[in-house]
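Visitor: There's a structure below that I have some questions on.
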Amino acid sequence: MNAAPSRAVMLCGTAQVDPPPRVLRAGPLSVEFENGALRYVRFGGIEVLRGVAFLVRDDNWGTFTPAISDLKIEERPDSFAVSYRAVCRDAVRCLVCEATISGKSDGALVFAVTAEAETDVLTNRTGFVVLHPAALAGRPVRVGHVDGRTEMARFPELISPGQPLLDIRALDHEISPGVWASVRMEGKGFEMEDQRNWGDASYKTYVGSLLEPWPYTIAKGSRHTQSVRLSIAGAGGHSASAGERDAPIAVEIGGETAGVMPAFGIGLPAAEAPHALAALDLLRRLGPRRLVCHVDLRDPPPRSTLEAYRRLGEATGAEVDLEIVIPDGADAGEALGRVAAALAEVQLEPASVSATTAADLLSWQPGQDRPTEPTPEAICAAARKVFPRTRLGGGMLSYFTELNRKRPPTDLVDHVGHTTCPIVHAADDRSVMETLEALPAIIASTKAFAGGRPYRVGPSAIGCRDNPYGKAPFENPDNGRVCLARVDPRQRGLFAAGYLLGYAAACAHGGVAAVALGAPTGPFGFIHRRADMPVPYFDGVAGPAVYPAFHVVAALAHGSGQPLLATSVAPPGTVAALAWRAGGRSVVWLANLTAAPVRIALSGVPQSGSRMAVLDASSFERATRDPDAFDASAAEVPAGPIRLDAYAVARLV
């Protein structure tokens, strides 16, 4: 008999637990201390900085996890102090850091590090990173430059493809009327990038410059000192009262909007095509409206894969959309002609085609030389000739970052698209959920240059399908939380159910026309299959099994094209809400985006007379063993606030 899953496995698909942070306070100043870094720097309850960290990144942009020792923390009512030693080491390099952190009740915060190289250290970046929250979009910022100049600027509203601010020494912004926060960064010069490009909910100011050569070498025996100093000037600020902290999350459902639910589908990597056929009954239940099928002409798929694409489209009734990778330097007409001939042999006519060169799967800095052939214009012309009855997509098969830096010829395409990955810069649970905060800005920025063309997103999942910044996605044999890893265990847990509902809500309210999420099986899948690495709990289930997100994605697919209802959540960030009209009734979905239970005060739809199905740790085993269990669990909605456990989702009809 299969052992019952642990709570950790049910929530996040792995026995490894994301450690809780240590909260340090000095009067109205509070910070979270986590593995040598600071998060959520608040003054009077207002978030001033999203984070401050001293990072060491290797020549593949991998970030070292520091080994921390000699940790000392002292706390008093009006101050705190931290000191520690951190070692960043791999087989070829070693950097030792001595760090001190101090905070005072007047808002003064100092984080200083002296680093010594015990070997030559080849690095793309070593030093401080300061994160300002994305909620500052469009707000004024006073910039102190390295040469002493001061200028007024703004945090970008639409996402900047390059560095919006250069040669930075200090950044000042207003946190409440008359109250200003000043961040001064000592050491080498700093510059800012709009980290929303990668889905992070922040603006990142980092040491050094991407305009200078990298990687570079920190010489053995050299010592380097940097610091970040925060100060607060002015009076005021607000600190949440106990009543505000304990109040339920307010979710209001409004009337129909001008929009409709996107057409929801799933991705279909070539390697998963045979596994998807083996799970065809469950795939039919999933009911995707679109199958986004991958063809890489650097390693063309065999006829059997193309036949599988056709069979899966026919069996599910889903449109087959092709994304095609053309080798750099290839003749676009000849390359796409080979695809068309192969499709004709298996009698597959795609509903749409999106093609890019292999170079566009990689990351390029603005202005950096990149391969130019075939051009987007040549690809579009060839695709129109080879696929005359097929809708043509433009954009990127990679992430929004690359789309923002190489925008498509929108007059030549029928729709514009890209995908996303939430584990580029950080992979802890809260950072992944925080990427949902950046989605509205990504959507608004894309629509600003899409020329009114319909907008498609995906296939997107938690794991990384391509690594534009290195040779390949990273391995994750220990089922951990790893940046840019292909396999992310949270895809199998309740976490993914909540995350994907939040993702779908942002896309729906942003007016995205079509969204593809995950895949049928495999690292990005919703249906379990055995893999090369062990999968806790699921490998022991007798018979077919589905992951919790299966039920969410099936419902989204069923809701495709239905009238969208307005929703509001206050305060934002803790709960996701999505609602649509179907069969004369409101269908309301709620998700807890946190690891702690929440209470929700729902208004705008009657709870009395409605029925609610809940997917949480208590229903996890039933929901993963039986694809009908979630629907069958619906019961009358209890009176009062709705209570949702960690990462739980609920549907009210």
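In the structure tokens, the first chain shown is A, the next is B, and so on; residue numbers restart at 1 for each chain, and ligands run from 1 in the order shown.
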Any idea what's packed within 7 Å of range 582-591 of chain A, counting only C-alpha atoms, ignoring anything in its chain fewer than 2 positions away? Could you give it as a list in words?
Guide: Gly498, Leu501, Gln562, Val575, Ala576, Ala577, Leu578, Ala579, Trp580, Leu593, Tyr647, Ala648, Val649, Ala650, Arg651, Leu652 and Val653 of chain A
Visitor: List the spatial neighbours of Ser633 in chain A as a list of chain:residue names - criterion: any atom at most 9 Å away, only C-alpha atoms, same-chain residues fewer than 4 positions off excluded.
Guide: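 In the requested format, the answer is A:Met612, A:Ala613, A:Val614, A:Leu615, A:Ser619, A:Asp628, A:Ala629.
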Visitor: Could the residues in this selection be saved with C-alpha atoms as an mmCIF file, in the first residue's frame?
Guide:
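Saved result, again-v5.cif, follows:
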```
data_model
loop_
_atom_site.group_PDB
_atom_site.id
_atom_site.type_symbol
_atom_site.label_atom_id
_atom_site.label_comp_id
_atom_site.auth_asym_id
_atom_site.auth_seq_id
_atom_site.Cartn_x
_atom_site.Cartn_y
_atom_site.Cartn_z
ATOM 1 C CA MET A 612 -18.066 24.839 -3.223
ATOM 2 C CA ALA A 613 -15.397 22.302 -4.075
ATOM 3 C CA VAL A 614 -12.037 22.664 -2.315
ATOM 4 C CA LEU A 615 -8.692 21.242 -3.326
ATOM 5 C CA SER A 619 -8.519 16.254 -0.293
ATOM 6 C CA ASP A 628 -13.623 13.112 -10.910
ATOM 7 C CA ALA A 629 -12.994 13.559 -7.173
#
```
Visitor: Contacts of Leu282 in chain A at 10 Å or less, counting only C-alpha atoms, minus same-chain residues fewer than 4 places along, as a PyMOL selection string?
Guide: chain A and resi 276-278+286-287+520+526-527+544-546+550+627
Visitor: Do you know which residues are at most 10 Å from Leu211 in chain A counting only C-alpha atoms, after dropping those on the same chain fewer than 5 positions away, and could you put them as an mmCIF file with N, CA and C atoms, in the first residue's frame?
Guide:
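Listed below is the output, out01.cif:
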```cif
data_model
loop_
_atom_site.group_PDB
_atom_site.id
_atom_site.type_symbol
_atom_site.label_atom_id
_atom_site.label_comp_id
_atom_site.auth_asym_id
_atom_site.auth_seq_id
_atom_site.Cartn_x
_atom_site.Cartn_y
_atom_site.Cartn_z
ATOM 1 N N GLN A 163 18.794 48.941 -19.621
ATOM 2 C CA GLN A 163 19.015 49.500 -18.299
ATOM 3 C C GLN A 163 18.452 50.921 -18.247
ATOM 4 N N LEU A 166 21.828 54.321 -15.163
ATOM 5 C CA LEU A 166 23.235 53.911 -15.186
ATOM 6 C C LEU A 166 24.047 54.758 -14.209
ATOM 7 N N GLU A 191 24.179 49.918 -11.644
ATOM 8 C CA GLU A 191 23.183 50.281 -12.644
ATOM 9 C C GLU A 191 21.912 49.491 -12.380
ATOM 10 N N GLN A 365 21.824 41.076 -25.050
ATOM 11 C CA GLN A 365 21.689 42.414 -24.501
ATOM 12 C C GLN A 365 21.236 43.380 -25.598
ATOM 13 N N PRO A 366 20.492 44.429 -25.235
ATOM 14 C CA PRO A 366 20.108 45.423 -26.245
ATOM 15 C C PRO A 366 21.331 45.970 -26.963
ATOM 16 N N GLN A 368 23.429 44.298 -28.710
ATOM 17 C CA GLN A 368 24.471 43.288 -28.902
ATOM 18 C C GLN A 368 24.326 42.628 -30.275
#
```
Visitor: Taking only range 352-403 of chain A into account, list the residues labelled strand (DSSP E or B) by DSSP (computed from the backbone), as JSON, numbers by chain.
Guide: {"A": [352, 353, 354, 355, 356, 357, 391, 392, 393, 394, 395, 396, 397, 398, 399]}
Visitor: So, counting only C-alpha atoms, which residue among A:Val598, A:Cys94, A:Ile442, A:Leu122 is closest to Tyr216 in chain A?
Guide: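 Residue with the minimum atom-to-atom distance to Tyr216 in chain A: A:Leu122.
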Visitor: Enumerate as a ChimeraX atom specification all residues of range 336-568 of chain A assigned to helix (DSSP H, G or I) by DSSP on the backbone, naming them with the chain letters and numbers the document uses.
Guide: /A:336-345,358-361,376-386,400-405,410-412,429-449,489-492,494-509,538-540,549-559
